[in-house]
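Okay, structure19.txt is below, compact mmCIF, C-alpha atoms and all ligand atoms:
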```
# COMPACT_ATOMS: atom_id res chain seq x y z
CA MET E 1 0.00 0.00 0.00
CA ILE E 2 2.70 2.45 0.77
CA ASN E 3 4.39 1.85 -2.55
CA LYS E 4 1.22 2.42 -4.31
CA ASN E 5 0.66 5.63 -2.48
CA TYR E 6 4.20 6.57 -3.09
CA LYS E 7 3.86 5.87 -6.74
CA ASN E 8 0.67 7.73 -6.87
CA LYS E 9 2.26 10.62 -5.03
CA LYS E 10 5.20 10.50 -7.37
CA LEU E 11 2.93 10.47 -10.34
CA PHE E 12 0.91 13.26 -8.82
CA PHE E 13 3.95 15.39 -8.25
CA SER E 14 5.30 14.50 -11.62
CA LEU E 15 2.03 15.50 -13.13
CA LEU E 16 1.95 18.58 -11.00
CA MET E 17 5.48 19.44 -12.09
CA MET E 18 4.57 18.90 -15.67
CA LEU E 19 1.54 21.03 -15.27
CA PHE E 20 3.58 23.72 -13.63
CA ILE E 21 6.20 23.58 -16.30
CA SER E 22 3.65 23.54 -18.96
CA THR E 23 1.79 26.37 -17.40
CA TYR E 24 5.02 28.31 -16.95
CA THR E 25 6.11 27.59 -20.43
CA LEU E 26 2.76 28.48 -21.80
CA GLN E 27 2.63 31.44 -19.59
CA SER E 28 6.08 32.46 -20.73
CA LEU E 29 5.21 31.91 -24.26
CA VAL E 30 2.01 33.85 -23.98
CA LEU E 31 3.68 36.54 -22.00
CA ASN E 32 6.48 36.67 -24.44
CA ASP E 33 4.03 36.95 -27.23
CA LEU E 34 2.17 39.55 -25.40
CA LEU E 35 5.30 41.42 -24.68
CA GLN E 36 6.41 41.02 -28.21
CA ALA E 37 3.10 42.13 -29.38
CA LYS E 38 3.14 44.99 -27.03
CA GLU E 39 6.63 45.80 -28.07
CA ASN E 40 5.63 45.69 -31.69
CA THR E 41 2.71 47.83 -30.96
CA SER E 42 4.94 50.20 -29.12
CA GLN E 43 7.42 50.12 -31.89
CA GLN E 44 4.65 50.66 -34.39
CA GLU E 45 3.32 53.44 -32.33
CA ILE E 46 6.78 54.80 -31.94
CA GLN E 47 7.33 54.35 -35.64
CA LYS E 48 3.94 55.86 -36.18
CA ASN E 49 4.86 58.66 -33.94
CA ILE E 50 8.20 58.86 -35.63
CA ASP E 51 6.49 58.79 -38.96
CA SER E 52 4.01 61.24 -37.75
CA SER E 53 6.77 63.29 -36.33
CA ASN E 54 8.74 62.93 -39.47
CA HIS E 55 5.69 63.79 -41.48
CA LYS E 56 5.10 66.76 -39.31
CA ASN E 57 8.74 67.58 -39.54
CA SER E 58 8.55 66.93 -43.18
CA GLN E 59 5.53 69.17 -43.39
CA SER E 60 7.25 71.55 -41.15
CA SER E 61 10.41 71.45 -43.18
CA THR E 62 8.38 71.71 -46.36
CA ALA E 63 6.57 74.55 -44.79
CA LYS E 64 9.86 75.92 -43.67
CA GLU E 65 11.25 75.35 -47.11
CA ASN E 66 8.17 76.93 -48.51
CA LYS E 67 8.37 79.70 -46.07
CA PRO E 68 10.95 81.57 -48.04
CA LYS E 69 8.70 80.97 -51.02
CA GLN E 70 5.91 82.36 -48.97
CA THR E 71 8.26 85.12 -48.12
CA ASP E 72 9.00 85.33 -51.78
CA LEU E 73 5.29 85.45 -52.30
CA LYS E 74 5.15 87.99 -49.60
CA GLU E 75 8.02 89.72 -51.25
CA ASP E 76 6.10 89.27 -54.44
CA LYS E 77 3.12 90.76 -52.78
CA PRO E 78 4.48 94.20 -53.19
CA LYS E 79 5.22 93.13 -56.73
CA GLN E 80 1.70 91.89 -56.97
CA ASN E 81 0.68 95.09 -55.34
CA ASN E 82 2.89 96.81 -57.82
CA ILE E 83 1.24 94.83 -60.52
CA LYS E 84 -2.05 95.60 -58.94
CA GLU E 85 -0.94 99.16 -58.56
CA ASN E 86 0.38 99.04 -62.05
CA ASN E 87 -2.83 97.48 -63.12
CA THR E 88 -4.67 99.96 -61.03
CA SER E 89 -2.58 102.81 -62.32
CA SER E 90 -2.93 101.53 -65.86
CA THR E 91 -6.60 101.09 -65.16
CA ILE E 92 -6.66 104.64 -63.84
CA ASP E 93 -4.70 105.71 -66.88
CA ASN E 94 -7.18 103.90 -69.07
CA LYS E 95 -9.99 105.42 -67.09
CA GLN E 96 -8.44 108.83 -67.44
CA THR E 97 -7.89 108.21 -71.12
CA ILE E 98 -11.46 107.08 -71.49
CA GLU E 99 -12.66 109.98 -69.38
CA GLN E 100 -10.52 112.35 -71.41
CA THR E 101 -11.81 110.78 -74.59
CA ILE E 102 -15.35 111.06 -73.31
CA GLU E 103 -14.71 114.59 -72.13
CA GLN E 104 -13.14 115.45 -75.45
CA THR E 105 -16.00 113.79 -77.27
CA ILE E 106 -18.48 115.62 -75.08
CA GLU E 107 -16.54 118.84 -75.60
CA GLN E 108 -16.44 118.24 -79.31
CA ARG E 109 -20.11 117.36 -79.36
CA THR E 110 -20.87 120.32 -77.18
CA GLU E 111 -18.76 122.49 -79.44
CA GLN E 112 -20.45 121.05 -82.48
CA THR E 113 -23.85 121.41 -80.89
CA THR E 114 -23.01 124.91 -79.73
CA LYS E 115 -21.64 125.71 -83.17
CA ARG E 116 -24.74 124.27 -84.81
CA ARG E 117 -26.97 126.11 -82.37
CA THR E 118 -24.98 129.30 -82.90
CA GLU E 119 -25.12 128.84 -86.65
CA GLN E 120 -28.80 128.03 -86.46
CA THR E 121 -29.39 130.94 -84.14
CA THR E 122 -27.35 133.23 -86.37
CA ALA E 123 -29.17 131.92 -89.43
CA GLN E 124 -32.50 132.32 -87.66
CA ARG E 125 -31.58 135.81 -86.51
CA THR E 126 -30.35 136.71 -89.98
CA ALA E 127 -33.54 135.28 -91.45
CA GLN E 128 -35.60 137.14 -88.86
CA THR E 129 -33.66 140.35 -89.46
CA THR E 130 -34.01 139.92 -93.20
CA GLU E 131 -37.70 139.16 -92.74
CA GLN E 132 -38.15 142.18 -90.49
CA THR E 133 -36.21 144.39 -92.89
CA THR E 134 -38.15 142.93 -95.78
CA LYS E 135 -41.45 143.50 -93.98
CA GLN E 136 -40.50 147.08 -93.21
CA THR E 137 -39.25 147.49 -96.75
CA THR E 138 -42.29 145.90 -98.30
CA GLU E 139 -44.51 148.19 -96.31
CA GLN E 140 -42.42 151.18 -97.24
CA ILE E 141 -42.20 150.26 -100.92
CA GLU E 142 -45.92 149.64 -101.14
CA ASN E 143 -46.71 152.89 -99.38
CA TYR E 144 -44.84 154.94 -101.91
CA PRO E 145 -43.77 157.64 -102.61
CA LEU E 146 -41.08 156.83 -100.10
CA PHE E 147 -38.28 159.26 -100.43
CA ASN E 148 -37.32 162.78 -101.12
CA PRO E 149 -33.75 164.07 -101.43
CA GLN E 150 -33.86 165.34 -97.83
CA ASN E 151 -34.95 161.96 -96.49
CA VAL E 152 -32.84 159.26 -98.04
CA ARG E 153 -32.49 156.27 -95.77
CA ASP E 154 -29.80 153.70 -96.39
CA GLY E 155 -30.91 150.10 -96.15
CA THR E 156 -32.32 147.21 -98.09
CA TYR E 157 -35.85 147.15 -99.40
CA ARG E 158 -37.87 144.54 -101.22
CA THR E 159 -39.68 145.75 -104.30
CA LYS E 160 -43.13 144.64 -105.42
CA ASN E 161 -41.49 142.26 -107.89
CA ASP E 162 -39.24 140.77 -105.14
CA PHE E 163 -36.07 142.55 -106.13
CA ILE E 164 -33.86 143.85 -103.36
CA LEU E 165 -33.28 147.57 -103.59
CA LEU E 166 -30.06 148.48 -101.83
CA ILE E 167 -29.42 152.05 -100.74
CA GLU E 168 -25.83 152.78 -99.78
CA ASN E 169 -24.63 156.31 -99.08
CA GLY E 170 -27.78 157.66 -100.64
CA ILE E 171 -27.31 155.70 -103.85
CA ALA E 172 -29.99 153.14 -104.73
CA SER E 173 -29.32 150.10 -106.86
CA ILE E 174 -30.75 146.74 -107.78
CA ASP E 175 -28.25 144.06 -108.81
CA GLY E 176 -25.73 146.81 -109.51
CA ILE E 177 -28.10 148.88 -111.65
CA LYS E 178 -28.39 152.37 -110.18
CA ILE E 179 -31.93 153.58 -109.68
CA VAL E 180 -33.22 157.13 -109.59
CA ASN E 181 -36.75 158.36 -110.26
CA LYS E 182 -39.46 160.50 -108.69
CA SER E 183 -39.75 158.18 -105.67
CA ILE E 184 -36.05 157.42 -105.36
CA PRO E 185 -33.66 160.35 -105.23
CA VAL E 186 -29.92 160.01 -105.52
CA SER E 187 -27.02 161.56 -103.69
CA GLU E 188 -24.99 164.01 -105.77
CA THR E 189 -21.86 162.03 -104.86
CA VAL E 190 -23.00 159.29 -107.24
CA ALA E 191 -20.99 160.70 -110.18
CA SER E 192 -19.24 163.76 -111.53
CA SER E 193 -19.12 162.96 -115.22
CA LEU E 194 -20.35 160.61 -117.90
CA SER E 195 -18.74 157.23 -117.42
CA GLN E 196 -16.13 156.02 -119.89
CA GLU E 197 -18.07 152.79 -120.39
CA ILE E 198 -21.08 154.76 -121.64
CA GLU E 199 -19.01 156.99 -123.85
CA GLU E 200 -17.46 153.91 -125.47
CA ALA E 201 -20.86 152.25 -125.85
CA PHE E 202 -22.23 155.40 -127.45
CA ILE E 203 -19.32 155.64 -129.91
CA GLU E 204 -19.99 152.04 -130.94
CA MET E 205 -23.68 152.84 -131.46
CA GLN E 206 -22.83 156.06 -133.25
CA SER E 207 -20.55 154.10 -135.60
CA ALA E 208 -23.29 151.57 -136.31
CA ILE E 209 -25.97 154.16 -137.15
CA SER E 210 -23.54 156.12 -139.30
CA LYS E 211 -23.26 153.04 -141.55
CA GLU E 212 -26.98 153.56 -142.16
CA GLY E 213 -26.31 157.16 -143.28
CA MET E 214 -27.46 158.76 -140.03
CA TYR E 215 -25.64 160.86 -137.51
CA ILE E 216 -26.17 161.20 -133.76
CA LYS E 217 -24.35 162.93 -130.96
CA ILE E 218 -24.69 163.48 -127.24
CA VAL E 219 -26.46 166.76 -126.51
CA SER E 220 -26.61 166.30 -122.76
CA GLY E 221 -24.79 163.79 -120.60
CA TYR E 222 -23.87 164.19 -116.94
CA ARG E 223 -25.57 166.95 -114.98
CA ASN E 224 -24.95 168.09 -111.43
CA PHE E 225 -27.75 169.24 -109.10
CA ALA E 226 -27.12 172.93 -109.92
CA THR E 227 -27.49 172.45 -113.66
CA GLN E 228 -30.66 170.44 -113.15
CA GLU E 229 -31.96 173.16 -110.86
CA VAL E 230 -31.48 175.76 -113.59
CA LEU E 231 -33.13 173.58 -116.29
CA TYR E 232 -36.05 172.71 -114.03
CA ALA E 233 -36.52 176.37 -113.07
CA ASN E 234 -36.42 177.50 -116.72
CA TYR E 235 -39.15 175.01 -117.68
CA LEU E 236 -41.22 176.07 -114.71
CA ALA E 237 -40.92 179.68 -115.89
CA SER E 238 -42.70 178.83 -119.14
CA ASP E 239 -44.97 175.97 -118.07
CA ASN E 240 -47.01 174.96 -115.08
CA LYS E 241 -45.57 172.64 -112.50
CA GLU E 242 -47.77 169.65 -113.34
CA ASN E 243 -46.73 169.67 -117.00
CA THR E 244 -43.15 170.56 -116.30
CA GLU E 245 -42.76 167.58 -114.01
CA THR E 246 -43.82 165.22 -116.77
CA TYR E 247 -40.68 166.02 -118.78
CA SER E 248 -38.21 167.67 -116.40
CA ALA E 249 -36.98 166.02 -113.20
CA ARG E 250 -36.43 167.82 -109.96
CA PRO E 251 -32.82 168.19 -108.85
CA GLY E 252 -31.83 164.95 -107.14
CA HIS E 253 -34.27 162.88 -109.19
CA SER E 254 -32.67 163.08 -112.65
CA GLU E 255 -30.93 160.13 -114.31
CA HIS E 256 -28.40 162.63 -115.65
CA HIS E 257 -26.90 162.77 -112.12
CA LEU E 258 -25.85 159.15 -112.55
CA GLY E 259 -23.51 159.83 -115.47
CA GLU E 260 -25.21 156.88 -117.14
CA ALA E 261 -27.91 158.67 -119.18
CA ILE E 262 -27.68 160.72 -122.35
CA ASP E 263 -29.91 163.00 -124.40
CA VAL E 264 -29.22 162.30 -128.05
CA GLY E 265 -29.36 164.95 -130.80
CA SER E 266 -29.61 164.73 -134.56
CA ASP E 267 -27.08 165.60 -137.15
CA ARG E 268 -29.09 168.39 -138.73
CA ASP E 269 -29.55 170.94 -135.96
CA LEU E 270 -28.16 169.03 -133.00
CA SER E 271 -31.66 169.21 -131.56
CA LEU E 272 -32.96 166.38 -129.45
CA ILE E 273 -34.19 163.35 -131.30
CA LYS E 274 -37.87 163.67 -132.18
CA PRO E 275 -40.20 160.78 -132.94
CA GLN E 276 -40.38 161.76 -136.61
CA TYR E 277 -36.60 161.63 -137.03
CA LEU E 278 -35.15 158.67 -138.90
CA GLN E 279 -32.69 158.14 -136.06
CA SER E 280 -35.58 157.74 -133.62
CA LYS E 281 -36.83 154.49 -135.19
CA TRP E 282 -33.33 153.05 -135.55
CA LEU E 283 -32.37 153.87 -131.94
CA GLU E 284 -35.58 152.43 -130.57
CA GLU E 285 -34.92 149.18 -132.43
CA ASN E 286 -31.15 148.91 -131.95
CA CYS E 287 -29.99 150.78 -128.84
CA TYR E 288 -30.33 147.67 -126.63
CA LYS E 289 -27.56 146.00 -128.69
CA TYR E 290 -25.17 148.56 -127.20
CA GLY E 291 -26.49 148.36 -123.67
CA PHE E 292 -28.91 151.32 -123.87
CA ILE E 293 -32.63 151.43 -123.13
CA LEU E 294 -35.30 153.86 -124.22
CA ARG E 295 -35.89 155.07 -120.70
CA TYR E 296 -39.22 156.85 -121.22
CA PRO E 297 -41.12 155.06 -123.94
CA GLU E 298 -44.56 156.06 -125.18
CA ASN E 299 -47.56 155.37 -122.98
CA LYS E 300 -45.48 154.54 -119.88
CA LYS E 301 -46.08 157.70 -117.91
CA GLU E 302 -48.11 155.84 -115.33
CA TYR E 303 -44.99 153.85 -114.47
CA THR E 304 -42.17 156.27 -115.04
CA GLY E 305 -43.91 159.54 -114.23
CA PHE E 306 -42.56 161.02 -117.46
CA ILE E 307 -43.93 161.44 -120.94
CA CYS E 308 -42.17 159.83 -123.89
CA GLU E 309 -38.65 161.13 -124.40
CA PRO E 310 -37.31 159.59 -127.63
CA TRP E 311 -33.97 161.36 -127.08
CA HIS E 312 -33.27 160.09 -123.54
CA PHE E 313 -31.31 156.81 -123.33
CA ARG E 314 -30.08 155.08 -120.23
CA TYR E 315 -27.16 152.68 -120.13
CA VAL E 316 -27.88 149.46 -118.19
CA GLY E 317 -25.66 146.95 -120.02
CA LYS E 318 -26.56 144.61 -122.86
CA ASP E 319 -28.20 141.82 -120.80
CA LEU E 320 -30.79 143.94 -119.02
CA ALA E 321 -31.21 146.16 -122.10
CA LYS E 322 -32.24 143.16 -124.17
CA ILE E 323 -34.79 142.08 -121.54
CA LEU E 324 -36.30 145.54 -121.32
CA TYR E 325 -36.32 145.91 -125.13
CA ASN E 326 -38.71 142.98 -125.05
CA ASN E 327 -38.77 142.52 -128.83
CA GLY E 328 -39.78 146.12 -129.38
CA ASP E 329 -42.43 146.28 -126.67
CA TRP E 330 -40.38 148.20 -124.15
CA ILE E 331 -40.63 147.46 -120.43
CA THR E 332 -39.67 150.27 -118.07
CA LEU E 333 -37.33 149.86 -115.10
CA GLU E 334 -40.29 150.65 -112.82
CA GLU E 335 -42.36 147.86 -114.34
CA TYR E 336 -39.51 145.38 -114.37
CA TYR E 337 -38.37 145.94 -110.80
CA GLY E 338 -41.75 146.86 -109.37
CA LEU E 339 -40.83 150.35 -108.29
CA PRO E 340 -42.97 153.42 -107.75
CA SER E 341 -42.09 156.78 -109.34
CA GLU E 342 -44.02 159.59 -107.71
CA TYR E 343 -42.88 162.64 -105.84
CA LEU E 344 -43.65 162.66 -102.13
CA GLU E 345 -45.30 166.09 -102.50
ZN ZN E 401 -32.51 163.31 -120.46
```
Let's see the structure in the file written out as structure tokens.
Amino acid sequence: MINKNYKNKKLFFSLLMMLFISTYTLQSLVLNDLLQAKENTSQQEIQKNIDSSNHKNSQSSTAKENKPKQTDLKEDKPKQNNIKENNTSSTIDNKQTIEQTIEQTIEQRTEQTTKRRTEQTTAQRTAQTTEQTTKQTTEQIENYPLFNPQNVRDGTYRTKNDFILLIENGIASIDGIKIVNKSIPVSETVASSLSQEIEEAFIEMQSAISKEGMYIKIVSGYRNFATQEVLYANYLASDNKENTETYSARPGHSEHHLGEAIDVGSDRDLSLIKPQYLQSKWLEENCYKYGFILRYPENKKEYTGFICEPWHFRYVGKDLAKILYNNGDWITLEEYYGLPSEYLE
């Protein structure tokens, strides 16, 4: 029995020892594993931390490395600012340029507009002035007789036939043709002699009529106011005023003052041309070719204020002379221009 117990005890202890060893070994192994695992974990963590640290450092170093770049950027900032400023300044420049352009354009437009307005205004004013003058003139012309030698008013006047009568320094004219009649007196300053142009025209006419076997000469050409005064007074001495004024003009109203009118005489007695003279017919039919008109034709007293004067010729130039000749049916200056010819009193 003892042996058996002993054996059992020995087995028990052996088993116990084995268990212990096994347990220890297992425990060691497990612990070792655990430790290893823990160590790995730690190492991983450490590595992780290291990595992380490195990454951070890396980031940091990158950041640090970039820093100068950032600094560069910062340094560039002024450049950027410069660029911006440049851009801004160029933008400002552009703006100024645009503004200047706009201002210039506006100025130009304003100038143009102002100019146009001014021109329009001036034109309107001129038109208004002309209209006013014309109205005044028209009224004055229609309410003739208008003038006497003591009341000559310079200005422009519209005639009944829409011609503009210009009076300058007391000398009236229409399109350069001087006008004087009972309504329109003339200043004595208008002339002092017969004009050379008329003398030459007369010589040409004289030469032409002489080829027809007839002779003419100038009996009376230019007359001053004093001479006309004497003539007028002499007629008045032998005739009444009403008759006298149908063939003799008052001083200041005679065409002879112009130096552009002539009284033509015959070759026989140097007397004034009479209707029955041969020269009378020829002159009436041909004088216009030399620039002369029969100033006081027959049956025109109502227009001219004068009876027929077959001896009195007025020089107006060939163009107007031909118009007034009217193929033998003479038109007077008063009819053509639409002028009155009556004394004021
Ligand atoms: Zn005469």
Rounded to one decimal place, report the CA of Phe225 in chain E-CA of Tyr296 in chain E distance in Å.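 Separating CA of Phe225 in chain E from CA of Tyr296 in chain E is a distance of 20.8 Å.
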Residue nearest ligand ZN 401 (chain E) among E:His257, E:Lys281, E:Lys301, E:Lys289 (counting all atoms listed in the file): E:His257
Using only C-alpha atoms and all ligand atoms, find each residue of chain E with at least one atom at most 12 Å away from an atom of ligand ZN 401 (chain E); report its shortest atom-to-atom pair and that distance in Å (one decimal), sort the rows by chain and rising residue number, and return the result as a Markdown table.
```
| residue | atom | partner | partner_atom | distance |
| --- | --- | --- | --- | --- |
| E:Ile218 | CA | E:ZN401 | ZN | 10.4 |
| E:Val219 | CA | E:ZN401 | ZN | 9.2 |
| E:Ser220 | CA | E:ZN401 | ZN | 7.0 |
| E:Gly221 | CA | E:ZN401 | ZN | 7.7 |
| E:Tyr222 | CA | E:ZN401 | ZN | 9.4 |
| E:Arg223 | CA | E:ZN401 | ZN | 9.6 |
| E:Gln228 | CA | E:ZN401 | ZN | 10.4 |
| E:Leu231 | CA | E:ZN401 | ZN | 11.1 |
| E:Tyr232 | CA | E:ZN401 | ZN | 11.9 |
| E:Tyr247 | CA | E:ZN401 | ZN | 8.8 |
| E:Ser248 | CA | E:ZN401 | ZN | 8.2 |
| E:Ala249 | CA | E:ZN401 | ZN | 8.9 |
| E:His253 | CA | E:ZN401 | ZN | 11.4 |
| E:Ser254 | CA | E:ZN401 | ZN | 7.8 |
| E:Glu255 | CA | E:ZN401 | ZN | 7.1 |
| E:His256 | CA | E:ZN401 | ZN | 6.4 |
| E:His257 | CA | E:ZN401 | ZN | 10.1 |
| E:Leu258 | CA | E:ZN401 | ZN | 11.1 |
| E:Gly259 | CA | E:ZN401 | ZN | 10.9 |
| E:Glu260 | CA | E:ZN401 | ZN | 10.3 |
| E:Ala261 | CA | E:ZN401 | ZN | 6.7 |
| E:Ile262 | CA | E:ZN401 | ZN | 5.8 |
| E:Asp263 | CA | E:ZN401 | ZN | 4.7 |
| E:Val264 | CA | E:ZN401 | ZN | 8.3 |
| E:Gly265 | CA | E:ZN401 | ZN | 10.9 |
| E:Leu272 | CA | E:ZN401 | ZN | 9.5 |
| E:Ile273 | CA | E:ZN401 | ZN | 11.0 |
| E:Leu294 | CA | E:ZN401 | ZN | 10.5 |
| E:Arg295 | CA | E:ZN401 | ZN | 8.9 |
| E:Tyr296 | CA | E:ZN401 | ZN | 9.3 |
| E:Phe306 | CA | E:ZN401 | ZN | 10.7 |
| E:Ile307 | CA | E:ZN401 | ZN | 11.6 |
| E:Cys308 | CA | E:ZN401 | ZN | 10.8 |
| E:Glu309 | CA | E:ZN401 | ZN | 7.6 |
| E:Pro310 | CA | E:ZN401 | ZN | 9.4 |
| E:Trp311 | CA | E:ZN401 | ZN | 7.1 |
| E:His312 | CA | E:ZN401 | ZN | 4.5 |
| E:Phe313 | CA | E:ZN401 | ZN | 7.2 |
| E:Arg314 | CA | E:ZN401 | ZN | 8.6 |
| E:Tyr315 | CA | E:ZN401 | ZN | 11.9 |
```
In Å, how far is it from CA of Ser187 in chain E to CA of Leu165 in chain E? 15.3 Å
Can you tell me how far CA of Ser280 in chain E sits from CA of Gly213 in chain E, in Å to one decimal? 13.4 Å
May I have the protein, DNA and RNA residues with any atom at most 7 Å from the point (-33.5, 161.6, -105.1), counting only C-alpha atoms, written as a PDB file with C-alpha atoms, in the frame of the given file?
```
ATOM      1  CA  ASN E 148     -37.320 162.780-101.120  1.00  0.00           C
ATOM      2  CA  PRO E 149     -33.750 164.070-101.430  1.00  0.00           C
ATOM      3  CA  VAL E 180     -33.220 157.130-109.590  1.00  0.00           C
ATOM      4  CA  ASN E 181     -36.750 158.360-110.260  1.00  0.00           C
ATOM      5  CA  ILE E 184     -36.050 157.420-105.360  1.00  0.00           C
ATOM      6  CA  PRO E 185     -33.660 160.350-105.230  1.00  0.00           C
ATOM      7  CA  VAL E 186     -29.920 160.010-105.520  1.00  0.00           C
ATOM      8  CA  SER E 187     -27.020 161.560-103.690  1.00  0.00           C
ATOM      9  CA  GLY E 252     -31.830 164.950-107.140  1.00  0.00           C
ATOM     10  CA  HIS E 253     -34.270 162.880-109.190  1.00  0.00           C
TER      11      HIS E 253
END
```
Which residues, written as a ChimeraX atom specification, have at least one atom at most 12 Å from Ala208 in chain E, with all atoms listed in the file counted and residues fewer than 6 positions away on the same chain left out? /E:201-202,214-216,279,282-283,286-287,289-290
Proximity to Ala321 in chain E - best of E:Ile203, E:Ile293, E:Leu344, E:Ile179, only C-alpha atoms: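 Going through E:Ile203, E:Ile293, E:Leu344, E:Ile179 one by one, the smallest distance to Ala321 in chain E is for E:Ile293.
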Nearest residue to Glu229 in chain E from the set E:Arg250, E:Asn299, E:Met205, E:Glu245 (distances using all atoms listed in the file): E:Arg250
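Across E:Pro275, E:Pro251, E:Gly291, E:Gly317, the tightest approach to Asp175 in chain E is made by E:Gly317 when counting all atoms listed in the file.
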Could you tell me which of E:Val316, E:Glu204, E:Glu302, E:Tyr277 comes closest to Glu335 in chain E if we count all atoms listed in the file?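 Closest to Glu335 in chain E, using all atoms listed in the file: E:Glu302.
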Residue among E:Asn161, E:Thr246, E:Ser266, E:Ser341 lying closest to Ser183 in chain E, counting all atoms listed in the file: E:Ser341
Where atoms are lacking, range 162-182 of chain E completed to N, CA and C atoms, as a short mmCIF file (atom, residue, chain, number, x, y, z; two decimals), keeping the file's coordinate frame:
```
data_model
loop_
_atom_site.label_atom_id
_atom_site.label_comp_id
_atom_site.auth_asym_id
_atom_site.auth_seq_id
_atom_site.Cartn_x
_atom_site.Cartn_y
_atom_site.Cartn_z
N ASP E 162 -40.20 141.57 -105.91
CA ASP E 162 -39.24 140.77 -105.14
C ASP E 162 -37.78 141.02 -105.48
N PHE E 163 -37.48 142.18 -105.97
CA PHE E 163 -36.07 142.55 -106.13
C PHE E 163 -35.65 143.28 -104.86
N ILE E 164 -34.38 143.16 -104.54
CA ILE E 164 -33.86 143.85 -103.36
C ILE E 164 -33.23 145.17 -103.80
N LEU E 165 -33.81 146.24 -103.33
CA LEU E 165 -33.28 147.57 -103.59
C LEU E 165 -32.31 147.91 -102.47
N LEU E 166 -31.09 148.15 -102.81
CA LEU E 166 -30.06 148.48 -101.83
C LEU E 166 -29.74 149.97 -101.91
N ILE E 167 -29.81 150.63 -100.78
CA ILE E 167 -29.42 152.05 -100.74
C ILE E 167 -28.19 152.19 -99.86
N GLU E 168 -27.10 152.59 -100.49
CA GLU E 168 -25.83 152.78 -99.78
C GLU E 168 -25.34 154.19 -100.04
N ASN E 169 -25.10 154.92 -98.97
CA ASN E 169 -24.63 156.31 -99.08
C ASN E 169 -25.52 157.15 -99.98
N GLY E 170 -26.81 156.87 -99.87
CA GLY E 170 -27.78 157.66 -100.64
C GLY E 170 -27.87 157.28 -102.11
N ILE E 171 -27.26 156.16 -102.46
CA ILE E 171 -27.31 155.70 -103.85
C ILE E 171 -28.03 154.36 -103.91
N ALA E 172 -29.18 154.36 -104.64
CA ALA E 172 -29.99 153.14 -104.73
C ALA E 172 -29.58 152.32 -105.94
N SER E 173 -29.62 150.99 -105.73
CA SER E 173 -29.32 150.10 -106.86
C SER E 173 -30.00 148.76 -106.68
N ILE E 174 -30.24 148.12 -107.79
CA ILE E 174 -30.75 146.74 -107.78
C ILE E 174 -29.84 145.91 -108.67
N ASP E 175 -29.21 144.91 -108.08
CA ASP E 175 -28.25 144.06 -108.81
C ASP E 175 -27.21 144.90 -109.55
N GLY E 176 -26.79 145.97 -108.93
CA GLY E 176 -25.73 146.81 -109.51
C GLY E 176 -26.23 147.89 -110.46
N ILE E 177 -27.53 147.86 -110.76
CA ILE E 177 -28.10 148.88 -111.65
C ILE E 177 -28.58 150.04 -110.78
N LYS E 178 -28.00 151.21 -110.99
CA LYS E 178 -28.39 152.37 -110.18
C LYS E 178 -29.80 152.81 -110.53
N ILE E 179 -30.53 153.18 -109.50
CA ILE E 179 -31.93 153.58 -109.68
C ILE E 179 -32.13 155.01 -109.18
N VAL E 180 -32.78 155.80 -110.01
CA VAL E 180 -33.22 157.13 -109.59
C VAL E 180 -34.50 157.46 -110.35
N ASN E 181 -35.50 157.91 -109.63
CA ASN E 181 -36.75 158.36 -110.26
C ASN E 181 -37.47 159.32 -109.30
N LYS E 182 -38.75 159.54 -109.53
CA LYS E 182 -39.46 160.50 -108.69
C LYS E 182 -39.58 160.03 -107.24
#
```
